[in-house]
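To start, the structure itself, in C-alpha cells.
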Amino acid sequence: MATTDAGGEYVERPLVTPEFLENRRYQTELAATASGDHTLVCLPTGLGKTTVSLLVTAERLDAVGGKALMLAPTKPLVQQHAEFYREALELDDEDVVVFTGEVRPDDRAALWEDARIVIATPQVVENDLVGNRISLADVTHCTFDECHRATGDYAYNYIADRYHADAEDPLVTGMSASPGDDEEAILEVCENLGLSEVAVMTEDDADVAEYTHDTSVDWNRIELPEIVVEIRDAINEVIKDRLSQLKELGVTNKSSADISEREIQQIQGQLRDLMNNDQSEGYQGMSLLAEIRKLRTAVTYVETQSVESLRRYFERLKEAARSSGASKADQRLVSEPKVREAMRKADSYDDLHPKFRQTRMLLAETLGIENGERVIVFTESRDTAETLVDFLSDHFETQKFVGQSDTDGSEGMTQSQQQETLDRFRNGEFEVLVSTSVAEEGLDVPEVDLVLFYEPVPTAIRAIQRKGRTGRQAEGRVVVLLAEDTRDEAYFWKARNDQKRMKRELNELKSAAGELEARLNQTDLDEYEGDEAVPDTETGTASSGTSDEETATRNGGSTGNGRGSKANKSTAENDSGDGQAGLDAFAEDPSASADADELKAGGESAATDDEGAVASAGRDTEDDPVEIVADQRELDSNIARDLSTRDGIETRLETLAVGDYVLSDRVVVERKTVADFMDTLTGGDRSMFEQVGDATRHYGRPVVVIEGEDLFGARNVHHKAIQGALASLAVDFGASVLRTSDEDETADLLEVIAGREQEVADREVSVHGEKQSKTLPEQQEYVVASIAEVGPVTARTLLEAFGSVEAVMTADKEDLLDVSGIGDVTADRIREVIASDYDP
C-alpha cells in the first residue's frame, strides 16, 4: 500500500516527476486507500482527482509492472489527461498513448503492445476488446474517470467486467465529483465497476478546505415579454387540442399543456397496447403524441432559449414536412393554423430573449467594472450557443465550444479545433467561452471569474460539474438565468433539491463509508455464492442464485450458467421410437451418425454437447476458439459484447461489406429487429433485399435473423404482406429466415451456427465468402472487392467506370477520384495495396 508523504512542498515518489506535483495531504491519503483495493474516489471538482489516480498508477507500474489504462468519456478530456501524465511522470512521451476513434484500429493494436499507459475513450477500448485486438491481461491499474456514467449499457460496465475477468492482477479506481443522486445510484456504480472501497473528501474536510474558495450562486429571475407569451400560448393551444383527441381515444385524462414526460410515456404505453391488439386508434394516437412532443420542444425554445432558436426549429420542421418521407405528424403540424400564427409572430419579433440582454449586462459587469478576465456561458442548445456568440461578439471577444457531431444547420468542432479553442482561452486570447454540455465534465477549463448558466439544468450532477469551473484558486461566482413561469422553474427546484440531497448523501457517504463497503462486500459474497450453480430440477438448467438479469447478461448474455450457453433440458424423452432422429441425436458423437467427409461436405448431421454448444472430439476451445466476425455497426446492440465474453468464442470486428455477422466462408447473417423489418415493408425501403442479394452473391448459405416478439402484431400491416416478404427472402433470394426473441437468443443462435460450421463442418471464416460457381461478373466483383476491402457496391461502381479488372488495377489516384463515391482515403488505400512491394 502507498504511504502518505510526511510533508514537503512536492510529492516525491518513484516515476513521479520531481518538483512537479504539489504535496496535498488529502490527495496522498486518497491514493493510499485506492492503492489497496478497488476504490471509488469522490472529490469535489477542481481538486485533483486525476492526481490521485496518477499516484496510484505510478506506484503500480513501479511495484507490479504491466501497464495502466485510464478511461475518460470525451476526446478532449482524454487529450488533457495524456498531457498531464506525460508531464507528471518520468516516462518517455511515447510510453503514454492516446486511443480515440481518430487512431486506426490496426495502429491501436500495435501501440497497445509497447505502451506503459493508455488513455482512451471507453467506446474505442470496448471496440478493441470485442474485436480481439487488445488484451487486458497485463493491465495492473484501470481508472474510470467520471465514473458516475457507469450505468445502463454504457461501455464502462462491459470494460470493467472484462478487466476483472481477464487481468492477472487487477486494480480499479473510479473517480467522480458526483457519483450519484442517492445511495442506491452510488451502489449501482460501485457494483458495475467492481468497487469495494469508498474514499470521500468534501469541501468541509480541513485538508481540502484550504484549497477551496466560496462560490456564490445567484438566481436571476426574468419575466417574459408579452409577445413571447403570446407565441407560447398559441403553441400550447395546439397541445391542448391534441390532448383532447387523445382523451377521446381513452388513453389520458390530461388536458393542460404542461404535461410531463412521465405522463407522455404512460400514454405511449397505452397506445402500444392498442397497436398490439391491431387497433387503428393506436397508430392514430402515436401520430398525435409525436406532434405533442415536437410542440413541447417548440415551447421550450421560445420560453427558455430565444425566438431565434424557435425560428430555426420551425424551419427544420418545415424542411422535414417537405421531404419525400415526411410523417403525417410533421405535415399536420406545419399546416396547423395556430402553429402558423406562432411562426408569423416569431418572424416579426425583432428581439431574441430578455436573457440575452441580461447575459450582456453580467459580462460587462464582470469583465469591465470588476476587471475580470474570463467567463464561461453554458447553454443546453447549440442553436442558442451560436446565437449567443453572434450577439456577444459585438462587445466581447467570444468563441463557441461545441461537440464534434454535425447537426441540422450546424457543424461540430473537431478534436483539434476543441483543443485549440481551450488553449487560446487559457492563454487569454479571448475572454468569453460559450459552451454546450461538452465542457461540463472534467475538462481542465482555466479558472474563470463567472460561470453563467443560460438556463437551469435538471440534474444535480451536471449542475455540480458546471459550478466546478470556478472557485478553485479564488472566490468565484455562478449566475443562473431563470425565466419565470416556464420549464426553467421546474428545473430550478429539481436541481436545487437534488444538490441539497447529494451534498447530504456525500456527507453521509463519508461517515457511513464502512456500511456502504459492507453492502458492497455482501453483494460480492452473494455473487460468489451464486456462482456455485445448483441444478434446477424442474428445467435441468444451472441456477446462478441471482435474479439480476442485467448482471447475468454482462457476464455472458444468458441467465443460466454465466458465460456459457444455456443448458438444455434432458432430451431422452424426445426419442420418438418411430425411426426418426430425436433431439438427442444432436448430442451424440458426430462419427456415430455421419462420417467426417459427409460433415465436411456440409451435411445436416451435427452434434451438440449437453450445454447446447457444438461438440468437437478432442477440441481445445482455448487454443482453437470458434471465431465470429461482427460488423462494426452491430455494436449498437449487445450481441457482439455478449459473445466476446463467452468461453471458446473469439470475436473480431470488421467493416463488413456484406452482412452483420460472418460465421464461416459460406454462412453470413443479416440481422433485423422486428422494427427494422417492418420499416422495410412500410417505408418503401428496399435496402434489406439489396443486402440479402449481396449476401447471396458472396455466400452459399445466407441467413436472415428477425429478432423480436410479435412480428405479425407489431404494426398495422396485413399478415400476407409480411408472409410475402418472408417468402421472397426464402424463395427469391435463397436465404434461411430464422426468428429469435431477443439479443440473448440471437447470440446463442450465432454461437451454435458458428460452432457447427467451424467445428463440425471444419470450415474457415472468410469475410469475402466462398460461394461456388460464381458467374464471370461475380468473380470480377469479388477480385475488385478484395482490394483493401472496398466492398461489393464500390467494386461494381469501379468496374462500371473502368470496364475491366485490369483497368481498375492500373488506374492512378486521379482517375480513381473521378469515380462517384471514391474519396482520398479509399483511393490511397487501393493504390497502396496494388502498388506496394510484397513484404511478408
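As shown in the C-alpha cells, the chain order sets the letters A, B, ...; within each chain, residues go from 1, and ligands are also counted from 1 in the order they appear.
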| Can you tell me, as an NGL selection string, what residues are no more than 10 Å from range 381-395 of chain A when counting only C-alpha atoms, ignoring any on the same chain fewer than 4 positions away? | :A and (301 or 304-310 or 312-313 or 352 or 356-357 or 359-360 or 363-364 or 377 or 399-403 or 407-412 or 432-437 or 454-455)
Would you export the selected residues with C-alpha atoms as a PDB file, in the first residue's frame, please?
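Final file, result-v8.pdb:
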ATOM      1  CA  TYR A 301     -37.254  27.003 -27.235  1.00  0.00           C
ATOM      2  CA  THR A 304     -36.178  29.394 -22.181  1.00  0.00           C
ATOM      3  CA  GLN A 305     -33.872  29.876 -25.190  1.00  0.00           C
ATOM      4  CA  SER A 306     -34.751  32.510 -27.794  1.00  0.00           C
ATOM      5  CA  VAL A 307     -37.226  33.321 -30.514  1.00  0.00           C
ATOM      6  CA  GLU A 308     -34.353  32.845 -32.970  1.00  0.00           C
ATOM      7  CA  SER A 309     -33.925  29.251 -31.725  1.00  0.00           C
ATOM      8  CA  LEU A 310     -37.658  28.737 -32.226  1.00  0.00           C
ATOM      9  CA  ARG A 312     -34.599  27.694 -36.593  1.00  0.00           C
ATOM     10  CA  TYR A 313     -36.614  24.821 -35.141  1.00  0.00           C
ATOM     11  CA  LEU A 352     -34.114  37.459 -29.157  1.00  0.00           C
ATOM     12  CA  PHE A 356     -29.588  37.822 -23.968  1.00  0.00           C
ATOM     13  CA  ARG A 357     -29.604  41.367 -22.595  1.00  0.00           C
ATOM     14  CA  THR A 359     -26.158  37.966 -20.242  1.00  0.00           C
ATOM     15  CA  ARG A 360     -24.526  41.008 -21.852  1.00  0.00           C
ATOM     16  CA  LEU A 363     -20.465  40.051 -18.763  1.00  0.00           C
ATOM     17  CA  ALA A 364     -19.973  43.817 -18.842  1.00  0.00           C
ATOM     18  CA  VAL A 377     -21.540  30.712 -20.547  1.00  0.00           C
ATOM     19  CA  GLN A 399     -15.790  31.803 -29.096  1.00  0.00           C
ATOM     20  CA  LYS A 400     -18.043  28.775 -29.090  1.00  0.00           C
ATOM     21  CA  PHE A 401     -17.209  25.313 -27.768  1.00  0.00           C
ATOM     22  CA  VAL A 402     -19.484  22.509 -29.009  1.00  0.00           C
ATOM     23  CA  GLY A 403     -19.343  18.761 -29.635  1.00  0.00           C
ATOM     24  CA  THR A 407     -26.451  18.737 -36.510  1.00  0.00           C
ATOM     25  CA  ASP A 408     -29.038  20.286 -38.808  1.00  0.00           C
ATOM     26  CA  GLY A 409     -27.593  23.580 -39.946  1.00  0.00           C
ATOM     27  CA  SER A 410     -24.621  23.416 -37.563  1.00  0.00           C
ATOM     28  CA  GLU A 411     -21.134  21.993 -37.910  1.00  0.00           C
ATOM     29  CA  GLY A 412     -19.434  20.354 -34.955  1.00  0.00           C
ATOM     30  CA  VAL A 432     -15.864  34.589 -23.243  1.00  0.00           C
ATOM     31  CA  LEU A 433     -16.363  30.890 -23.959  1.00  0.00           C
ATOM     32  CA  VAL A 434     -19.931  29.884 -24.893  1.00  0.00           C
ATOM     33  CA  SER A 435     -20.245  26.132 -24.437  1.00  0.00           C
ATOM     34  CA  THR A 436     -22.772  23.369 -24.640  1.00  0.00           C
ATOM     35  CA  SER A 437     -22.561  20.467 -22.163  1.00  0.00           C
ATOM     36  CA  TYR A 454     -28.172  30.395 -19.558  1.00  0.00           C
ATOM     37  CA  GLU A 455     -30.808  28.039 -18.141  1.00  0.00           C
TER      38      GLU A 455
END
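Using only C-alpha atoms for every distance, the candidate list A:Arg25, A:Gln270, A:Leu289, A:Val78 yields A:Leu289 as the residue closest to Ser244 in chain A.
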| said: Need the shell around Glu373 in chain A: protein/DNA/RNA residues with any atom at most 9 Å away, counting only C-alpha atoms. Skip same-chain ones fewer than 5 positions apart. Format as a ChimeraX atom specification? | reply: /A:366-367,428,430-432,448-449
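The smallest atom-to-atom distance between Met175 in chain A and any of A:Ala640, A:Val103, A:Leu43, A:Val808, using only C-alpha atoms, is found for A:Leu43.
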Can you tell me which residues surround range 142-159 of chain A at a distance of at most 8 Å, considering only C-alpha atoms, apart from same-chain residues fewer than 2 positions away, and format the answer as a short mmCIF file (atom, residue, chain, number, x, y, z; two decimals) with N, CA, C and O atoms, in the first residue's frame?
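out.cif, freshly written:
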data_model
loop_
_atom_site.label_atom_id
_atom_site.label_comp_id
_atom_site.auth_asym_id
_atom_site.auth_seq_id
_atom_site.Cartn_x
_atom_site.Cartn_y
_atom_site.Cartn_z
N SER A 53 -5.37 9.43 -9.12
CA SER A 53 -5.22 8.26 -10.00
C SER A 53 -3.79 8.12 -10.48
O SER A 53 -3.25 7.01 -10.55
N ALA A 68 -0.97 0.57 -17.46
CA ALA A 68 -2.15 1.19 -16.88
C ALA A 68 -3.09 1.64 -17.98
O ALA A 68 -2.66 2.01 -19.07
N LEU A 69 -4.37 1.60 -17.68
CA LEU A 69 -5.41 2.06 -18.61
C LEU A 69 -6.25 3.09 -17.90
O LEU A 69 -6.75 2.86 -16.79
N MET A 70 -6.40 4.26 -18.52
CA MET A 70 -7.27 5.30 -17.98
C MET A 70 -8.33 5.62 -19.00
O MET A 70 -8.03 5.89 -20.16
N LEU A 71 -9.60 5.61 -18.57
CA LEU A 71 -10.73 5.84 -19.46
C LEU A 71 -11.41 7.15 -19.09
O LEU A 71 -11.64 7.43 -17.91
N ALA A 72 -11.73 7.95 -20.11
CA ALA A 72 -12.43 9.22 -19.91
C ALA A 72 -13.48 9.35 -21.00
O ALA A 72 -13.28 8.89 -22.12
N PRO A 73 -14.62 9.99 -20.71
CA PRO A 73 -15.77 9.92 -21.62
C PRO A 73 -15.68 10.74 -22.89
O PRO A 73 -16.44 10.50 -23.81
N PRO A 122 -13.93 5.20 -23.74
CA PRO A 122 -14.39 3.83 -23.48
C PRO A 122 -14.89 3.11 -24.72
O PRO A 122 -14.72 1.90 -24.85
N GLN A 123 -15.50 3.84 -25.66
CA GLN A 123 -16.05 3.17 -26.84
C GLN A 123 -14.94 2.53 -27.67
O GLN A 123 -15.13 1.44 -28.22
N VAL A 125 -11.97 1.39 -26.55
CA VAL A 125 -11.48 0.19 -25.85
C VAL A 125 -12.50 -0.94 -25.95
O VAL A 125 -12.14 -2.10 -26.14
N GLU A 126 -13.77 -0.60 -25.82
CA GLU A 126 -14.82 -1.61 -25.98
C GLU A 126 -14.73 -2.26 -27.36
O GLU A 126 -14.76 -3.49 -27.48
N VAL A 139 -2.80 -5.44 -17.60
CA VAL A 139 -3.16 -4.12 -17.07
C VAL A 139 -3.25 -4.21 -15.56
O VAL A 139 -4.08 -4.95 -15.03
N THR A 140 -2.42 -3.47 -14.89
CA THR A 140 -2.36 -3.56 -13.42
C THR A 140 -3.09 -2.42 -12.73
O THR A 140 -3.22 -2.44 -11.50
N ASP A 161 -16.21 -5.47 -16.50
CA ASP A 161 -16.41 -6.92 -16.44
C ASP A 161 -15.23 -7.66 -17.07
O ASP A 161 -14.71 -8.62 -16.52
N ARG A 162 -14.83 -7.20 -18.24
CA ARG A 162 -13.72 -7.86 -18.93
C ARG A 162 -12.42 -7.70 -18.14
O ARG A 162 -11.61 -8.63 -18.07
N TYR A 163 -12.22 -6.54 -17.56
CA TYR A 163 -10.98 -6.31 -16.81
C TYR A 163 -10.87 -7.23 -15.60
O TYR A 163 -9.84 -7.87 -15.38
N PRO A 170 -5.63 -7.27 -11.18
CA PRO A 170 -6.39 -6.05 -11.44
C PRO A 170 -6.47 -5.12 -10.23
O PRO A 170 -6.46 -5.55 -9.08
N LEU A 171 -6.55 -3.83 -10.51
CA LEU A 171 -6.87 -2.81 -9.51
C LEU A 171 -7.66 -1.72 -10.21
O LEU A 171 -7.22 -1.17 -11.23
N VAL A 172 -8.83 -1.38 -9.66
CA VAL A 172 -9.74 -0.41 -10.30
C VAL A 172 -9.87 0.81 -9.41
O VAL A 172 -10.04 0.70 -8.19
N THR A 173 -9.81 2.00 -10.03
CA THR A 173 -10.12 3.25 -9.36
C THR A 173 -11.21 3.96 -10.15
O THR A 173 -11.07 4.18 -11.35
N GLY A 174 -12.32 4.27 -9.47
CA GLY A 174 -13.38 5.06 -10.08
C GLY A 174 -13.34 6.46 -9.51
O GLY A 174 -13.17 6.64 -8.30
N MET A 175 -13.51 7.48 -10.35
CA MET A 175 -13.38 8.87 -9.90
C MET A 175 -14.59 9.69 -10.33
O MET A 175 -15.02 9.62 -11.48
N SER A 176 -15.11 10.46 -9.39
CA SER A 176 -16.20 11.37 -9.73
C SER A 176 -16.39 12.39 -8.62
O SER A 176 -16.18 12.10 -7.44
N ALA A 177 -16.78 13.60 -9.03
CA ALA A 177 -17.18 14.60 -8.04
C ALA A 177 -18.62 14.39 -7.61
O ALA A 177 -19.04 14.88 -6.57
N SER A 178 -19.35 13.64 -8.40
CA SER A 178 -20.79 13.48 -8.16
C SER A 178 -21.20 12.08 -8.59
O SER A 178 -21.74 11.90 -9.68
N PRO A 179 -20.93 11.06 -7.77
CA PRO A 179 -21.13 9.68 -8.21
C PRO A 179 -22.58 9.25 -8.35
O PRO A 179 -22.85 8.22 -8.96
N GLY A 180 -23.52 9.99 -7.79
CA GLY A 180 -24.92 9.59 -7.92
C GLY A 180 -25.80 10.47 -7.06
O GLY A 180 -25.34 11.11 -6.11
N ILE A 186 -25.21 5.30 -6.22
CA ILE A 186 -23.78 5.13 -5.94
C ILE A 186 -23.45 3.64 -5.85
O ILE A 186 -22.43 3.18 -6.39
N GLU A 188 -24.98 1.26 -7.39
CA GLU A 188 -25.03 0.70 -8.74
C GLU A 188 -23.71 0.93 -9.47
O GLU A 188 -23.18 0.03 -10.12
N VAL A 189 -23.17 2.16 -9.35
CA VAL A 189 -21.89 2.46 -9.98
C VAL A 189 -20.80 1.56 -9.43
O VAL A 189 -20.00 0.98 -10.18
N ASN A 192 -21.25 -2.02 -10.71
CA ASN A 192 -20.95 -2.15 -12.13
C ASN A 192 -19.45 -2.13 -12.40
O ASN A 192 -18.99 -2.77 -13.35
N LEU A 193 -18.70 -1.41 -11.58
CA LEU A 193 -17.25 -1.31 -11.79
C LEU A 193 -16.46 -2.27 -10.90
O LEU A 193 -15.24 -2.33 -11.00
N GLU A 441 -17.85 18.19 -18.05
CA GLU A 441 -17.22 17.12 -17.29
C GLU A 441 -15.70 17.16 -17.35
O GLU A 441 -15.10 16.94 -18.39
N GLY A 442 -15.08 17.47 -16.21
CA GLY A 442 -13.68 17.19 -16.01
C GLY A 442 -12.68 17.98 -16.81
O GLY A 442 -11.50 17.95 -16.50
N ARG A 554 -24.36 -9.15 -18.54
CA ARG A 554 -23.00 -8.64 -18.64
C ARG A 554 -21.98 -9.75 -18.49
O ARG A 554 -20.89 -9.69 -19.04
N ARG A 641 -20.75 -7.83 -27.83
CA ARG A 641 -20.17 -7.75 -26.48
C ARG A 641 -20.42 -9.04 -25.73
O ARG A 641 -19.53 -9.58 -25.05
#
| field | DSSP-assigned strand (DSSP E) members of range 43-200 of chain A, reported as a ChimeraX atom specification | value | /A:67-71,96-99,117-120,139-145,172-176,197-200
Non-local contacts of Glu303 in chain A (12 Å; only C-alpha atoms; under 3 positions in same chain excluded) as a compact mmCIF listing (two decimals) with N, CA, C and O atoms, in the first residue's frame:
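Below is the file that was written, out32.txt:
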# COMPACT_ATOMS: atom_id res chain seq x y z
N ILE A 222 -36.27 36.21 -14.63
CA ILE A 222 -36.52 37.05 -15.81
C ILE A 222 -37.96 36.88 -16.25
O ILE A 222 -38.45 35.76 -16.40
N GLU A 223 -38.65 38.00 -16.47
CA GLU A 223 -40.04 37.98 -16.91
C GLU A 223 -40.09 37.97 -18.44
O GLU A 223 -39.37 38.72 -19.10
N LEU A 224 -40.95 37.11 -19.00
CA LEU A 224 -41.06 37.02 -20.45
C LEU A 224 -41.85 38.20 -20.99
O LEU A 224 -42.87 38.60 -20.41
N PRO A 225 -41.42 38.76 -22.13
CA PRO A 225 -42.21 39.84 -22.75
C PRO A 225 -43.53 39.30 -23.31
O PRO A 225 -43.67 38.10 -23.58
N GLU A 226 -44.48 40.20 -23.52
CA GLU A 226 -45.83 39.81 -23.90
C GLU A 226 -45.86 39.02 -25.21
O GLU A 226 -46.58 38.01 -25.32
N ILE A 227 -45.07 39.42 -26.20
CA ILE A 227 -45.10 38.75 -27.50
C ILE A 227 -44.62 37.30 -27.37
O ILE A 227 -45.15 36.40 -28.02
N VAL A 228 -43.62 37.08 -26.52
CA VAL A 228 -43.12 35.71 -26.32
C VAL A 228 -44.20 34.86 -25.65
O VAL A 228 -44.41 33.69 -26.01
N VAL A 229 -44.92 35.45 -24.70
CA VAL A 229 -46.01 34.73 -24.04
C VAL A 229 -47.10 34.37 -25.05
O VAL A 229 -47.66 33.28 -25.03
N GLU A 230 -47.40 35.30 -25.97
CA GLU A 230 -48.42 35.03 -26.98
C GLU A 230 -48.00 33.88 -27.90
O GLU A 230 -48.82 33.03 -28.26
N ILE A 231 -46.73 33.86 -28.31
CA ILE A 231 -46.25 32.76 -29.16
C ILE A 231 -46.37 31.43 -28.41
O ILE A 231 -46.85 30.43 -28.95
N ARG A 232 -45.93 31.43 -27.14
CA ARG A 232 -46.02 30.21 -26.34
C ARG A 232 -47.47 29.75 -26.19
O ARG A 232 -47.77 28.56 -26.35
N ASP A 233 -48.37 30.69 -25.89
CA ASP A 233 -49.77 30.32 -25.66
C ASP A 233 -50.41 29.75 -26.92
O ASP A 233 -51.24 28.82 -26.85
N ILE A 235 -48.90 27.99 -29.24
CA ILE A 235 -48.42 26.61 -29.37
C ILE A 235 -49.10 25.72 -28.34
O ILE A 235 -49.50 24.58 -28.65
N ASN A 236 -49.27 26.23 -27.13
CA ASN A 236 -49.91 25.44 -26.08
C ASN A 236 -51.36 25.10 -26.42
O ASN A 236 -51.87 24.04 -26.03
N ARG A 296 -43.94 20.53 -27.60
CA ARG A 296 -43.31 20.80 -26.29
C ARG A 296 -41.89 21.32 -26.49
O ARG A 296 -41.42 22.19 -25.76
N THR A 297 -41.17 20.76 -27.47
CA THR A 297 -39.83 21.25 -27.77
C THR A 297 -39.89 22.71 -28.22
O THR A 297 -39.07 23.54 -27.80
N ALA A 298 -40.88 23.02 -29.05
CA ALA A 298 -41.04 24.41 -29.52
C ALA A 298 -41.31 25.35 -28.35
O ALA A 298 -40.76 26.46 -28.28
N VAL A 299 -42.14 24.92 -27.41
CA VAL A 299 -42.43 25.74 -26.23
C VAL A 299 -41.16 25.98 -25.42
O VAL A 299 -40.90 27.10 -24.96
N THR A 300 -40.36 24.94 -25.24
CA THR A 300 -39.11 25.09 -24.50
C THR A 300 -38.20 26.11 -25.17
O THR A 300 -37.58 26.95 -24.51
N SER A 306 -34.60 31.25 -27.07
CA SER A 306 -34.75 32.51 -27.79
C SER A 306 -35.76 32.31 -28.91
O SER A 306 -36.01 31.18 -29.35
N VAL A 307 -36.32 33.40 -29.38
CA VAL A 307 -37.23 33.32 -30.51
C VAL A 307 -36.46 32.90 -31.76
O VAL A 307 -36.99 32.21 -32.63
N GLU A 308 -35.18 33.27 -31.84
CA GLU A 308 -34.35 32.84 -32.97
C GLU A 308 -34.21 31.33 -32.98
O GLU A 308 -34.28 30.68 -34.04
N SER A 309 -34.01 30.72 -31.81
CA SER A 309 -33.93 29.25 -31.73
C SER A 309 -35.23 28.62 -32.17
O SER A 309 -35.23 27.59 -32.85
N LEU A 310 -36.35 29.24 -31.79
CA LEU A 310 -37.66 28.74 -32.23
C LEU A 310 -37.78 28.83 -33.73
O LEU A 310 -38.27 27.89 -34.38
N LEU A 352 -34.46 38.86 -29.33
CA LEU A 352 -34.11 37.46 -29.16
C LEU A 352 -34.81 36.88 -27.93
O LEU A 352 -35.70 36.04 -28.03
N HIS A 353 -34.42 37.36 -26.75
CA HIS A 353 -34.98 36.91 -25.48
C HIS A 353 -34.37 37.81 -24.42
O HIS A 353 -33.20 38.21 -24.54
N PRO A 354 -35.10 38.16 -23.38
CA PRO A 354 -34.51 39.03 -22.34
C PRO A 354 -33.27 38.43 -21.68
O PRO A 354 -32.45 39.16 -21.11
N LYS A 355 -33.09 37.11 -21.78
CA LYS A 355 -31.88 36.50 -21.23
C LYS A 355 -30.63 37.01 -21.94
O LYS A 355 -29.55 37.08 -21.35
N GLU A 455 -29.59 28.62 -18.68
CA GLU A 455 -30.81 28.04 -18.14
C GLU A 455 -30.41 27.04 -17.06
O GLU A 455 -29.29 26.55 -17.04
N LEU A 482 -33.17 32.43 -15.06
CA LEU A 482 -34.37 31.63 -14.89
C LEU A 482 -35.57 32.42 -15.41
O LEU A 482 -35.90 33.50 -14.88
N ALA A 483 -36.19 31.93 -16.47
CA ALA A 483 -37.40 32.56 -17.00
C ALA A 483 -38.60 32.17 -16.13
O ALA A 483 -38.87 30.98 -15.94
N GLU A 484 -39.30 33.15 -15.60
CA GLU A 484 -40.39 32.90 -14.68
C GLU A 484 -41.56 32.18 -15.36
O GLU A 484 -41.86 32.42 -16.53
N ASP A 485 -42.20 31.29 -14.59
CA ASP A 485 -43.39 30.57 -15.05
C ASP A 485 -43.12 29.77 -16.32
O ASP A 485 -43.95 29.69 -17.23
N THR A 486 -41.95 29.18 -16.39
CA THR A 486 -41.58 28.33 -17.52
C THR A 486 -40.98 27.04 -16.99
O THR A 486 -40.90 26.82 -15.78
N ARG A 487 -40.50 26.20 -17.91
CA ARG A 487 -39.86 24.96 -17.52
C ARG A 487 -38.59 25.21 -16.70
O ARG A 487 -38.16 24.36 -15.93
N ASP A 488 -38.00 26.39 -16.86
CA ASP A 488 -36.84 26.76 -16.04
C ASP A 488 -37.16 26.62 -14.55
O ASP A 488 -36.31 26.22 -13.75
N GLU A 489 -38.39 26.99 -14.17
CA GLU A 489 -38.78 26.92 -12.75
C GLU A 489 -38.71 25.48 -12.24
O GLU A 489 -38.18 25.22 -11.16
| message | Taking only range 171-377 of chain A into account, list the residues labelled helix (DSSP H, G or I) by DSSP (computed from the backbone), as a PyMOL selection string. | response | chain A and resi 183-193+206-209+226-248+261-276+280-305+307-322+328-335+337-348+354-369
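Distance annotation: of A:Leu362, A:Ile639, A:Ala137, A:Leu726, the residue with the minimal separation from Leu749 in chain A is A:Ile639; atom set is only C-alpha atoms.
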| query | Which residue gives the smallest distance to Glu370 in chain A among A:Leu450, A:Thr794, A:Val251, A:Glu281, with only C-alpha atoms counted? | reply | A:Leu450
| message | If I take CA of Val705 in chain A and CA of Val669 in chain A, how far is one from the other in Å, to one decimal? | response | 6.9 Å
| note | Separating CA of Val658 in chain A from CA of Pro792 in chain A, to the nearest tenth of an Å, is a gap of 7.8 Å
